[in-house]
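S.K.: The following file, protein02.txt, comprises compact mmCIF, C-alpha atoms:
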```
# COMPACT_ATOMS: atom_id res chain seq x y z
CA MET C 1 -2.42 78.47 -50.44
CA ASN C 2 -1.24 75.38 -48.50
CA ASP C 3 -4.20 73.53 -46.90
CA LYS C 4 -2.07 70.88 -45.10
CA PRO C 5 -2.55 70.84 -41.33
CA LYS C 6 0.34 72.05 -39.28
CA ARG C 7 2.34 69.36 -37.35
CA PRO C 8 2.09 69.86 -33.64
CA THR C 9 5.17 71.05 -31.89
CA ALA C 10 7.05 68.89 -29.38
CA ARG C 11 5.71 71.03 -26.55
CA ALA C 12 2.13 70.44 -27.72
CA ARG C 13 2.68 66.68 -28.09
CA THR C 14 4.04 66.25 -24.56
CA SER C 15 1.88 68.65 -22.63
CA VAL C 16 -0.30 66.91 -19.98
CA THR C 17 -2.72 68.77 -17.83
CA ILE C 18 -3.03 68.37 -14.09
CA GLN C 19 -6.52 67.00 -14.59
CA ASP C 20 -5.12 64.18 -16.78
CA ILE C 21 -2.73 63.15 -14.00
CA ARG C 22 -5.53 63.12 -11.43
CA ASP C 23 -7.76 61.01 -13.71
CA ALA C 24 -4.94 58.46 -14.25
CA LYS C 25 -4.31 58.14 -10.51
CA ALA C 26 -8.02 57.65 -9.80
CA ALA C 27 -8.26 54.92 -12.45
CA ALA C 28 -5.22 53.09 -11.05
CA LEU C 29 -6.62 53.29 -7.51
CA GLU C 30 -9.96 51.92 -8.72
CA ARG C 31 -8.20 48.96 -10.42
CA GLU C 32 -6.29 48.13 -7.20
CA LYS C 33 -9.51 48.14 -5.18
CA SER C 34 -11.37 45.88 -7.58
CA ALA C 35 -8.57 43.29 -8.05
CA PRO C 36 -8.96 41.52 -4.64
CA ARG C 37 -12.73 41.32 -5.11
CA GLU C 38 -12.35 39.63 -8.48
CA ALA C 39 -9.77 37.17 -7.15
CA ALA C 40 -12.02 36.31 -4.21
CA ARG C 41 -15.03 35.44 -6.39
CA PRO C 42 -15.47 31.62 -6.68
CA GLY C 43 -14.48 30.44 -10.12
CA ALA C 44 -12.99 33.82 -11.12
CA ARG C 45 -10.39 33.42 -13.87
CA ALA C 46 -7.18 35.35 -13.91
CA ARG C 47 -6.91 37.81 -16.80
CA LYS C 48 -4.20 37.18 -19.31
CA GLY C 49 -0.97 38.77 -18.19
CA ALA C 50 -2.25 39.40 -14.66
CA GLU C 51 -0.29 38.13 -11.68
CA ALA C 52 -1.81 35.22 -9.74
CA PRO C 53 -2.81 36.05 -6.18
CA ALA C 54 -0.54 34.77 -3.46
CA ARG C 55 -1.53 31.42 -1.91
CA ILE C 56 -2.68 31.34 1.69
CA GLU C 57 -1.27 28.66 3.99
CA ILE C 58 -2.66 27.62 7.35
CA VAL C 59 0.21 26.38 9.49
CA ALA C 60 -0.47 23.33 11.67
CA THR C 61 -1.66 24.27 15.14
CA PRO C 62 -3.62 22.38 17.82
CA ASP C 63 -6.73 23.43 15.88
CA ALA C 64 -5.54 22.49 12.39
CA LEU C 65 -3.47 19.56 11.18
CA LEU C 66 -3.51 19.73 7.40
CA HIS C 67 -2.11 22.51 5.25
CA VAL C 68 -4.82 24.24 3.23
CA GLU C 69 -4.10 26.16 0.07
CA PRO C 70 -7.28 27.70 -1.41
CA ASP C 71 -7.66 27.41 -5.19
CA ALA C 72 -4.31 25.62 -5.46
CA PRO C 73 -4.31 22.57 -7.74
CA VAL C 74 -3.55 19.25 -6.01
CA PRO C 75 -1.02 17.25 -8.06
CA LEU C 76 -1.65 13.55 -8.64
CA GLU C 77 1.18 11.63 -7.07
CA ALA C 78 2.38 8.09 -7.72
CA GLU C 79 1.21 6.92 -4.31
CA ASP C 80 -2.38 7.63 -5.32
CA LEU C 81 -1.97 5.40 -8.36
CA GLU C 82 -0.74 2.45 -6.29
CA LEU C 83 -4.16 1.76 -4.76
CA ASP C 84 -5.26 -0.60 -7.50
CA GLN C 85 -6.44 -3.37 -5.18
CA GLY C 86 -9.73 -1.54 -4.56
CA PRO C 87 -9.96 0.95 -1.68
CA ALA C 88 -12.48 0.44 1.07
CA THR C 89 -15.73 2.40 0.84
CA ASP C 90 -15.06 4.33 4.03
CA GLU C 91 -11.67 5.40 2.70
CA LEU C 92 -13.27 7.37 -0.11
CA ALA C 93 -14.92 9.81 2.33
CA PRO C 94 -13.02 13.10 2.74
CA MET C 95 -10.98 13.41 5.91
CA PRO C 96 -12.22 16.34 8.00
CA LEU C 97 -9.87 19.08 9.02
CA ARG C 98 -9.64 18.66 12.76
CA ALA C 99 -7.19 18.64 15.63
CA ALA C 100 -5.22 15.39 15.62
CA HIS C 101 -2.77 16.04 18.40
CA ASP C 102 -0.99 18.83 20.19
CA ALA C 103 1.63 19.90 17.68
CA ALA C 104 3.67 21.46 20.48
CA SER C 105 3.96 18.12 22.29
CA PRO C 106 6.98 16.01 21.32
CA GLN C 107 5.50 12.85 22.85
CA THR C 108 3.09 11.69 20.13
CA VAL C 109 3.46 8.10 18.91
CA ILE C 110 2.08 6.96 15.56
CA VAL C 111 0.84 3.35 15.42
CA THR C 112 0.22 1.87 11.99
CA GLY C 113 -2.19 -1.06 11.78
CA ILE C 114 -3.84 0.16 14.96
CA CYS C 115 -7.12 -1.65 14.30
CA GLY C 116 -5.61 -5.12 14.49
CA ARG C 117 -5.46 -7.08 17.72
CA MET C 118 -1.85 -6.10 18.44
CA GLY C 119 -2.49 -2.49 17.43
CA ARG C 120 -5.40 -2.18 19.85
CA LEU C 121 -3.32 -3.57 22.70
CA VAL C 122 -0.42 -1.23 21.90
CA ALA C 123 -2.75 1.79 21.74
CA ARG C 124 -4.26 0.99 25.14
CA ARG C 125 -0.79 0.51 26.59
CA LEU C 126 0.68 3.76 25.23
CA HIS C 127 -2.18 6.27 25.39
CA ARG C 128 -1.80 6.56 29.16
CA GLN C 129 1.72 7.91 28.66
CA GLY C 130 1.13 10.38 25.82
CA PRO C 131 -0.82 11.18 22.65
CA VAL C 132 -1.34 8.31 20.17
CA ILE C 133 -2.27 8.60 16.49
CA GLY C 134 -3.41 5.50 14.63
CA ILE C 135 -3.34 4.96 10.86
CA ASP C 136 -5.44 2.08 9.54
CA ARG C 137 -8.02 1.78 6.77
CA ARG C 138 -10.22 -0.38 9.02
CA LYS C 139 -12.64 0.88 11.67
CA PHE C 140 -11.48 1.13 15.27
CA ASP C 141 -14.40 -0.03 17.41
CA GLY C 142 -13.97 0.68 21.12
CA LYS C 143 -11.29 3.31 20.50
CA PRO C 144 -10.11 5.21 23.59
CA GLU C 145 -11.35 8.79 23.43
CA ASP C 146 -7.89 10.33 23.53
CA VAL C 147 -6.57 8.20 20.65
CA VAL C 148 -6.82 9.82 17.19
CA HIS C 149 -7.55 7.40 14.37
CA TYR C 150 -7.17 8.23 10.67
CA GLN C 151 -9.10 5.68 8.63
CA MET C 152 -7.00 5.71 5.49
CA ASP C 153 -4.32 3.85 3.60
CA LEU C 154 -0.78 4.35 4.85
CA ARG C 155 0.37 5.19 1.32
CA ARG C 156 -2.04 8.10 0.91
CA ARG C 157 -0.71 11.63 0.63
CA LYS C 158 -2.50 12.60 3.87
CA THR C 159 -0.04 10.48 5.83
CA ARG C 160 2.64 13.01 5.01
CA ASP C 161 0.46 15.80 6.42
CA ILE C 162 0.32 13.98 9.76
CA PHE C 163 4.12 13.89 9.90
CA ARG C 164 4.39 17.48 8.66
CA ALA C 165 2.31 18.68 11.62
CA GLY C 166 5.27 17.85 13.87
CA GLY C 167 5.40 16.64 17.45
CA ILE C 168 5.96 12.98 16.48
CA ARG C 169 8.25 11.18 18.90
CA ALA C 170 8.15 7.66 17.48
CA VAL C 171 6.46 5.31 15.02
CA VAL C 172 5.38 1.75 15.83
CA HIS C 173 4.89 -0.12 12.58
CA LEU C 174 2.34 -2.91 12.90
CA GLY C 175 0.62 -2.36 9.54
CA ILE C 176 1.87 -5.59 7.98
CA MET C 177 -0.42 -7.65 5.79
CA HIS C 178 0.16 -11.40 6.07
CA ASP C 179 -2.73 -13.05 4.30
CA PRO C 180 -1.50 -15.91 2.09
CA ARG C 181 -4.79 -15.75 0.20
CA GLU C 182 -3.85 -12.33 -1.21
CA SER C 183 -1.72 -12.00 -4.34
CA ASP C 184 2.03 -11.36 -4.26
CA ARG C 185 1.44 -8.01 -5.95
CA THR C 186 -0.97 -6.89 -3.23
CA HIS C 187 1.45 -7.96 -0.51
CA HIS C 188 4.33 -6.12 -2.17
CA GLU C 189 2.38 -2.90 -2.67
CA TRP C 190 0.93 -2.89 0.82
CA ASN C 191 3.93 -4.08 2.84
CA VAL C 192 7.02 -3.02 0.92
CA LEU C 193 5.91 0.16 -0.88
CA GLY C 194 3.93 1.34 2.15
CA PHE C 195 6.91 0.80 4.44
CA GLN C 196 9.22 2.66 2.04
CA LYS C 197 6.86 5.65 2.18
CA LEU C 198 6.93 5.50 5.97
CA LEU C 199 10.74 5.50 6.03
CA ASP C 200 10.83 8.49 3.67
CA TYR C 201 8.51 10.50 5.93
CA MET C 202 10.56 9.64 9.00
CA SER C 203 13.76 10.83 7.36
CA LEU C 204 12.15 13.97 5.95
CA TYR C 205 10.51 15.08 9.21
CA ARG C 206 13.22 13.75 11.54
CA VAL C 207 11.24 11.37 13.73
CA LYS C 208 13.64 10.00 16.31
CA LYS C 209 12.41 6.41 16.84
CA LEU C 210 11.09 3.54 14.70
CA VAL C 211 9.90 0.20 16.11
CA VAL C 212 9.08 -2.55 13.59
CA LEU C 213 7.30 -5.71 14.68
CA SER C 214 8.76 -8.48 12.55
CA THR C 215 8.69 -12.22 13.37
CA ALA C 216 11.14 -14.99 14.21
CA THR C 217 9.46 -17.27 11.67
CA LEU C 218 11.47 -15.43 9.00
CA TYR C 219 14.46 -17.54 10.06
CA GLY C 220 12.51 -20.51 8.75
CA PRO C 221 11.99 -23.98 10.25
CA ARG C 222 14.78 -26.16 8.85
CA PRO C 223 16.29 -29.54 9.71
CA ASP C 224 19.78 -27.98 9.88
CA ASN C 225 18.85 -25.10 12.20
CA ALA C 226 20.83 -24.49 15.35
CA GLN C 227 18.95 -25.17 18.55
CA PHE C 228 18.73 -21.43 19.26
CA LEU C 229 19.10 -18.80 16.53
CA ALA C 230 20.73 -15.44 17.26
CA GLU C 231 19.81 -12.16 15.58
CA GLU C 232 22.66 -12.57 13.09
CA ALA C 233 21.19 -15.76 11.61
CA PRO C 234 20.09 -15.48 7.95
CA LEU C 235 16.41 -15.06 7.13
CA LEU C 236 15.69 -18.22 5.11
CA GLY C 237 11.98 -18.59 5.77
CA ALA C 238 10.96 -17.52 2.25
CA GLN C 239 12.92 -20.29 0.54
CA ASP C 240 10.12 -22.80 1.08
CA PHE C 241 7.31 -20.33 1.80
CA SER C 242 7.33 -17.76 -1.00
CA GLN C 243 4.29 -15.89 0.37
CA ILE C 244 6.44 -14.31 3.08
CA ARG C 245 9.04 -12.83 0.74
CA ASP C 246 7.60 -9.37 1.32
CA LEU C 247 7.93 -9.80 5.10
CA VAL C 248 11.59 -10.65 4.68
CA GLU C 249 12.00 -7.58 2.46
CA VAL C 250 10.38 -5.32 5.10
CA ASP C 251 12.79 -6.67 7.72
CA MET C 252 15.73 -6.09 5.38
CA LEU C 253 14.56 -2.54 4.59
CA ALA C 254 14.46 -1.78 8.30
CA GLN C 255 17.99 -3.19 8.70
CA SER C 256 19.32 -1.02 5.87
CA PHE C 257 17.64 1.98 7.53
CA PHE C 258 20.13 1.54 10.41
CA TRP C 259 22.92 2.72 8.11
CA LYS C 260 20.92 5.02 5.84
CA ASP C 261 19.82 7.22 8.72
CA PRO C 262 21.80 6.35 11.88
CA GLU C 263 20.40 9.34 13.80
CA ILE C 264 17.01 7.59 13.93
CA GLU C 265 16.87 4.86 16.56
CA THR C 266 15.54 1.83 14.67
CA VAL C 267 14.36 -1.25 16.57
CA ILE C 268 13.33 -4.56 14.98
CA LEU C 269 11.51 -7.05 17.20
CA ARG C 270 11.34 -10.70 16.14
CA PRO C 271 9.05 -12.58 18.50
CA CYS C 272 8.49 -16.32 18.37
CA HIS C 273 4.95 -17.70 17.86
CA ILE C 274 2.50 -15.15 19.32
CA LEU C 275 -0.53 -16.65 21.08
CA GLY C 276 -3.69 -14.90 22.17
CA ARG C 277 -6.86 -13.59 20.58
CA VAL C 278 -4.76 -12.51 17.61
CA ARG C 279 -5.79 -14.26 14.39
CA ASN C 280 -2.54 -15.83 13.26
CA ALA C 281 -1.55 -19.35 12.20
CA PRO C 282 -0.23 -20.50 15.65
CA SER C 283 -3.35 -19.33 17.50
CA ASN C 284 -5.65 -20.78 14.84
CA TYR C 285 -3.83 -24.10 15.11
CA CYS C 286 -4.22 -24.21 18.88
CA ARG C 287 -7.98 -23.59 18.58
CA MET C 288 -8.54 -26.63 16.36
CA GLU C 289 -10.44 -29.53 17.96
CA ARG C 290 -8.21 -32.14 16.29
CA PRO C 291 -4.98 -30.36 15.37
CA PRO C 292 -2.95 -32.39 12.86
CA THR C 293 0.62 -33.42 13.57
CA VAL C 294 3.22 -34.99 11.31
CA MET C 295 3.82 -38.64 12.09
CA GLY C 296 7.29 -39.18 13.55
CA PHE C 297 7.93 -35.52 14.44
CA ASP C 298 7.60 -33.76 17.81
CA PRO C 299 9.59 -30.50 17.58
CA MET C 300 10.34 -28.19 20.46
CA MET C 301 8.23 -25.03 20.37
CA GLN C 302 8.53 -21.48 21.67
CA VAL C 303 5.44 -19.34 22.28
CA ILE C 304 4.93 -15.86 23.71
CA HIS C 305 1.85 -14.11 25.08
CA GLU C 306 0.51 -11.24 22.97
CA ARG C 307 0.62 -8.89 25.97
CA ASP C 308 4.28 -9.69 26.57
CA VAL C 309 4.97 -8.56 23.00
CA VAL C 310 3.16 -5.29 23.75
CA GLU C 311 5.38 -4.80 26.79
CA ALA C 312 8.47 -5.40 24.65
CA ILE C 313 7.27 -2.70 22.23
CA ALA C 314 6.90 -0.27 25.12
CA LEU C 315 10.45 -1.06 26.26
CA ALA C 316 11.77 -0.56 22.72
CA LEU C 317 10.35 3.00 22.69
CA LYS C 318 12.72 4.09 25.45
CA PRO C 319 15.41 6.57 24.32
CA GLY C 320 18.76 5.06 23.40
CA VAL C 321 17.44 1.62 22.44
CA ARG C 322 18.28 0.44 18.93
CA GLY C 323 19.01 -2.83 17.13
CA ILE C 324 17.43 -6.22 16.42
CA PHE C 325 15.95 -8.24 19.27
CA ASN C 326 14.61 -11.79 19.34
CA LEU C 327 11.73 -12.31 21.75
CA ARG C 328 10.87 -15.62 23.37
CA GLY C 329 8.29 -16.53 25.97
CA PRO C 330 8.66 -18.30 29.31
CA GLY C 331 10.37 -21.38 27.88
CA GLU C 332 10.27 -24.26 25.45
CA LEU C 333 8.17 -27.42 25.34
CA PRO C 334 7.49 -30.23 22.86
CA LEU C 335 4.51 -29.90 20.54
CA SER C 336 2.86 -32.99 22.03
CA ARG C 337 2.97 -31.54 25.54
CA MET C 338 1.65 -28.21 24.32
CA LEU C 339 -1.43 -29.93 22.87
CA ARG C 340 -1.96 -31.89 26.09
CA VAL C 341 -1.97 -28.67 28.11
CA LEU C 342 -4.63 -27.33 25.75
CA GLY C 343 -6.69 -30.50 26.12
CA ARG C 344 -6.49 -31.28 22.41
CA ARG C 345 -6.41 -34.72 20.78
CA PRO C 346 -3.96 -34.48 17.88
CA LEU C 347 -4.51 -36.29 14.61
CA SER C 348 -1.19 -37.79 13.52
CA LEU C 349 -0.80 -38.09 9.74
CA PRO C 350 2.01 -39.01 7.34
CA GLY C 351 3.78 -35.98 5.93
CA PRO C 352 2.64 -36.25 2.28
CA MET C 353 -0.97 -36.97 3.28
CA MET C 354 -1.02 -34.04 5.69
CA ARG C 355 0.37 -31.66 3.06
CA ALA C 356 -2.25 -32.74 0.53
CA LEU C 357 -5.11 -32.41 3.03
CA THR C 358 -3.89 -29.04 4.27
CA SER C 359 -3.59 -27.70 0.72
CA SER C 360 -7.10 -28.87 -0.09
CA ALA C 361 -8.56 -27.37 3.09
CA TRP C 362 -6.78 -24.07 2.49
CA SER C 363 -7.99 -23.89 -1.11
CA SER C 364 -11.60 -24.50 -0.01
CA HIS C 365 -11.31 -21.85 2.75
CA THR C 366 -11.86 -24.44 5.49
CA GLY C 367 -8.27 -24.57 6.75
CA GLY C 368 -6.61 -22.17 9.16
CA PHE C 369 -3.10 -22.17 7.67
CA PRO C 370 -1.42 -22.94 4.32
CA ALA C 371 0.61 -26.06 3.58
CA PRO C 372 4.10 -24.50 3.94
CA GLU C 373 3.33 -23.82 7.61
CA ILE C 374 3.50 -27.59 8.18
CA ASP C 375 7.30 -27.31 8.41
CA HIS C 376 6.81 -25.67 11.82
CA LEU C 377 5.30 -29.00 12.95
CA ARG C 378 8.39 -30.88 11.77
CA TYR C 379 11.50 -28.80 12.37
CA VAL C 380 12.78 -26.54 15.09
CA CYS C 381 12.85 -22.74 14.78
CA MET C 382 13.72 -21.35 18.20
CA VAL C 383 15.51 -18.11 19.04
CA ASP C 384 18.04 -16.87 21.56
CA ASP C 385 16.71 -13.81 23.39
CA THR C 386 19.84 -12.97 25.39
CA ARG C 387 20.16 -9.54 23.78
CA ALA C 388 16.56 -8.57 24.58
CA ARG C 389 16.95 -9.59 28.21
CA ARG C 390 20.26 -7.76 28.57
CA GLU C 391 19.60 -4.52 26.62
CA LEU C 392 15.81 -4.17 26.75
CA GLY C 393 15.36 -5.62 30.20
CA PHE C 394 12.58 -7.78 28.78
CA ARG C 395 11.10 -10.54 30.94
CA PRO C 396 7.87 -12.36 30.03
CA ARG C 397 5.16 -11.94 32.67
CA TYR C 398 2.98 -14.89 31.59
CA ASP C 399 3.98 -18.49 32.21
CA LEU C 400 3.60 -21.30 29.68
CA GLU C 401 0.12 -22.38 30.71
CA GLN C 402 -1.20 -18.80 30.76
CA THR C 403 0.34 -18.19 27.35
CA LEU C 404 -1.20 -21.31 25.82
CA ARG C 405 -4.64 -20.70 27.24
CA ALA C 406 -4.60 -17.10 25.98
CA VAL C 407 -5.93 -18.42 22.63
CA PHE C 408 -9.30 -18.92 24.38
CA SER C 409 -9.25 -15.55 26.15
CA GLU C 410 -12.28 -13.28 25.83
CA ARG C 411 -10.36 -10.12 26.72
```
Spell out the structure here as structure tokens.

M.R.:
Amino acid sequence: MNDKPKRPTARARTSVTIQDIRDAKAAALEREKSAPREAARPGARARKGAEAPARIEIVATPDALLHVEPDAPVPLEAEDLELDQGPATDELAPMPLRAAHDAASPQTVIVTGICGRMGRLVARRLHRQGPVIGIDRRKFDGKPEDVVHYQMDLRRRKTRDIFRAGGIRAVVHLGIMHDPRESDRTHHEWNVLGFQKLLDYMSLYRVKKLVVLSTATLYGPRPDNAQFLAEEAPLLGAQDFSQIRDLVEVDMLAQSFFWKDPEIETVILRPCHILGRVRNAPSNYCRMERPPTVMGFDPMMQVIHERDVVEAIALALKPGVRGIFNLRGPGELPLSRMLRVLGRRPLSLPGPMMRALTSSAWSSHTGGFPAPEIDHLRYVCMVDDTRARRELGFRPRYDLEQTLRAVFSER
């Protein structure tokens, strides 16, 4: 007698009852219901082989500027590694998600370096005409209520989110560091790399206008200079003053941007010596009780009021304006007469002695300008502003005396 069990037939192997089908459907339905709850739990890990839940994106609206992707990893980008000069304490605080500007409005202007003297004046001039967003790692005391200020480094990834929100009409770039006490590396990272990031964002998000505030001192004071330098003159200021190489590079980057992206209207303004409450070498020199002069030299000087520069920036923001423009003030005058108007008694010194004393004072943090700036007290560096008067319609509103006395202004 054969005790081996009989093999089931094909019909027996494949037969499935109706109850089995119902149980399988109920189990599948239960798994579908429980999957969203597991994905929603904080810290829940995805099971091996399971599909990751779709990411949720909040599109920029008047109530939200930044894109938010819950549980999405944030990649570390190179721009975050560039901040090796030590970020400010306030910069480390997280930026709140809040309304920055009306994304539907195409009139917003971004002002970099808004917390400096020129940035504050530009913000107060432009916020009456439309929304203004400022980017500066410093605090903005006395900020107008309708001006939005992001206290952060221009190179941070959040800058891109501001551009991505849309509605940006123009960018005014004033965020230039010119502190000869800082290292060349810091200047390069802040000025050149930061400006390159800004140009990339403008090209990517199609901002129509860029205004860069450069300076006419990049031409350089030289004994062989023409009496008046046009915009086509070479920028030779860094040959004897290496600390401004990065400023020359920023100006050259802006010039190359003309051809790289011709659809964006790029404007470069090169004003002569700016006077006012601004803390720059010309204004610091005029505030000295006994300003030094170089024996045997009395060069002609050009100065411009800080508020006239602000007006030129406003004119440059008009549609259709592009190119490089020299800016000069109400006229020229000798250095000796300028000091007489200010009521100063100059201290005339031989050139080598003055250079040695200036270097010593600068090293001990008692001087207001470095030794290479002395060449401005010896040689002429004046500009021709014909193009600005013809194409911008620029005319200085402040006369020479008002411009000179602006260094003592309290407003």

S.K.: Taking 2 positions as the minimum chain separation for residues in the same chain, which residues sit within 9 Å of Ser283 of chain C when counting all atoms listed in the file? Answer as a ChimeraX atom specification.

M.R.: /C:273-281,285-287,404,406-407

S.K.: To one decimal in Å, tell me the separation between atom CA of Ala361 of chain C and atom CA of Ser214 of chain C.

M.R.: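 We find that atom CA of Ala361 of chain C and atom CA of Ser214 of chain C lie 27.3 Å from each other.
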
S.K.: Determine, counting only C-alpha atoms, which protein, DNA and RNA residues have an atom within 8 Å of an atom of segment 306-319 of chain C; residues of the same chain fewer than 6 positions away are not included. Present the result as an NGL selection string.

M.R.: :C and (118 or 121-122 or 125-126 or 170 or 209 or 211 or 267 or 269 or 271 or 274-276 or 278 or 327 or 329 or 392-394 or 396-398)

S.K.: Pick the closest to Gly167 of chain C from C:Asp146, C:Thr217, C:Asp224, C:Val109: which is it, counting only C-alpha atoms?

M.R.: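 Residue with the minimum atom-to-atom distance to Gly167 of chain C: C:Val109.
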
S.K.: With distances taken over only C-alpha atoms, which of C:Gln196, C:Val111, C:Tyr150, C:Val294 is nearest to His173 of chain C?

M.R.: C:Val111

S.K.: Can you work out the spacing between atom CA of Met202 of chain C and atom CA of Arg322 of chain C in Å, to one decimal?

M.R.: 15.6 Å

S.K.: Pick the closest to Ile110 of chain C from C:Lys208, C:Arg156, C:His187, C:Arg378: which is it, counting all atoms listed in the file?

M.R.: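 Comparing C:Lys208, C:Arg156, C:His187, C:Arg378 against Ile110 of chain C, the winner is C:Lys208.
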
S.K.: I need every residue sitting at most 12 Å from the point (-4.2, -28.9, 1.9) (coordinates as in the file, only C-alpha atoms considered), written as a VMD selection string.

M.R.: chain C and resid 292 351 to 374

S.K.: Of the residues C:Ile268, C:Val212, C:Leu218, C:Ile304, which is the one nearest to Ile244 of chain C, using only C-alpha atoms?

M.R.: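 For Ile244 of chain C, the nearest of the given residues is C:Leu218.
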
S.K.: Write out as a PyMOL selection string each polymer residue whose atoms come within 9 Å of Gly331 of chain C, counting only C-alpha atoms; drop sequence neighbours fewer than 3 positions from it.

M.R.: chain C and resi 301-304+328+399-400

S.K.: Excluding Gln227 of chain C and any residue of its chain fewer than 5 positions from it, enumerate the residues within 10 Å of it, using only C-alpha atoms, and give them as a list in words.

M.R.: Met300, Val380, Cys381, Met382, Val383 and Asp384 of chain C

S.K.: Using only C-alpha atoms, please write the residues we just selected to a file, as a compact mmCIF listing (two decimals), in the frame of the given file.

M.R.:
```
# COMPACT_ATOMS: atom_id res chain seq x y z
CA MET C 300 10.34 -28.19 20.46
CA VAL C 380 12.78 -26.54 15.09
CA CYS C 381 12.85 -22.74 14.78
CA MET C 382 13.72 -21.35 18.20
CA VAL C 383 15.51 -18.11 19.04
CA ASP C 384 18.04 -16.87 21.56
```

S.K.: Quick check, in Å to one decimal: how far apart do atom CA of Arg345 of chain C and atom CA of Tyr219 of chain C lie?

M.R.: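 Computing the Euclidean distance for atom CA of Arg345 of chain C and atom CA of Tyr219 of chain C yields 29.1 Å.
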
S.K.: So, counting all atoms listed in the file, which residue among C:Asp251, C:Asp375, C:Ala226, C:Gly166 is closest to Gln239 of chain C?

M.R.: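 Counting all atoms listed in the file, the residue closest to Gln239 of chain C is C:Asp375.
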
S.K.: Name the closest residue to Arg270 of chain C among the candidates C:Asp184, C:Asp385, C:Glu289, C:Asp246; distances are taken between atoms, counting only C-alpha atoms.

M.R.: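 For Arg270 of chain C, the nearest of the candidates is C:Asp385.
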
S.K.: List as number ranges by chain the protein and nucleic acid residues near Leu154 of chain C, meaning an atom at most 8 Å away when all atoms listed in the file are counted, but skip any in the same chain fewer than 6 places from it.

M.R.: C: 112, 135-137, 194, 198
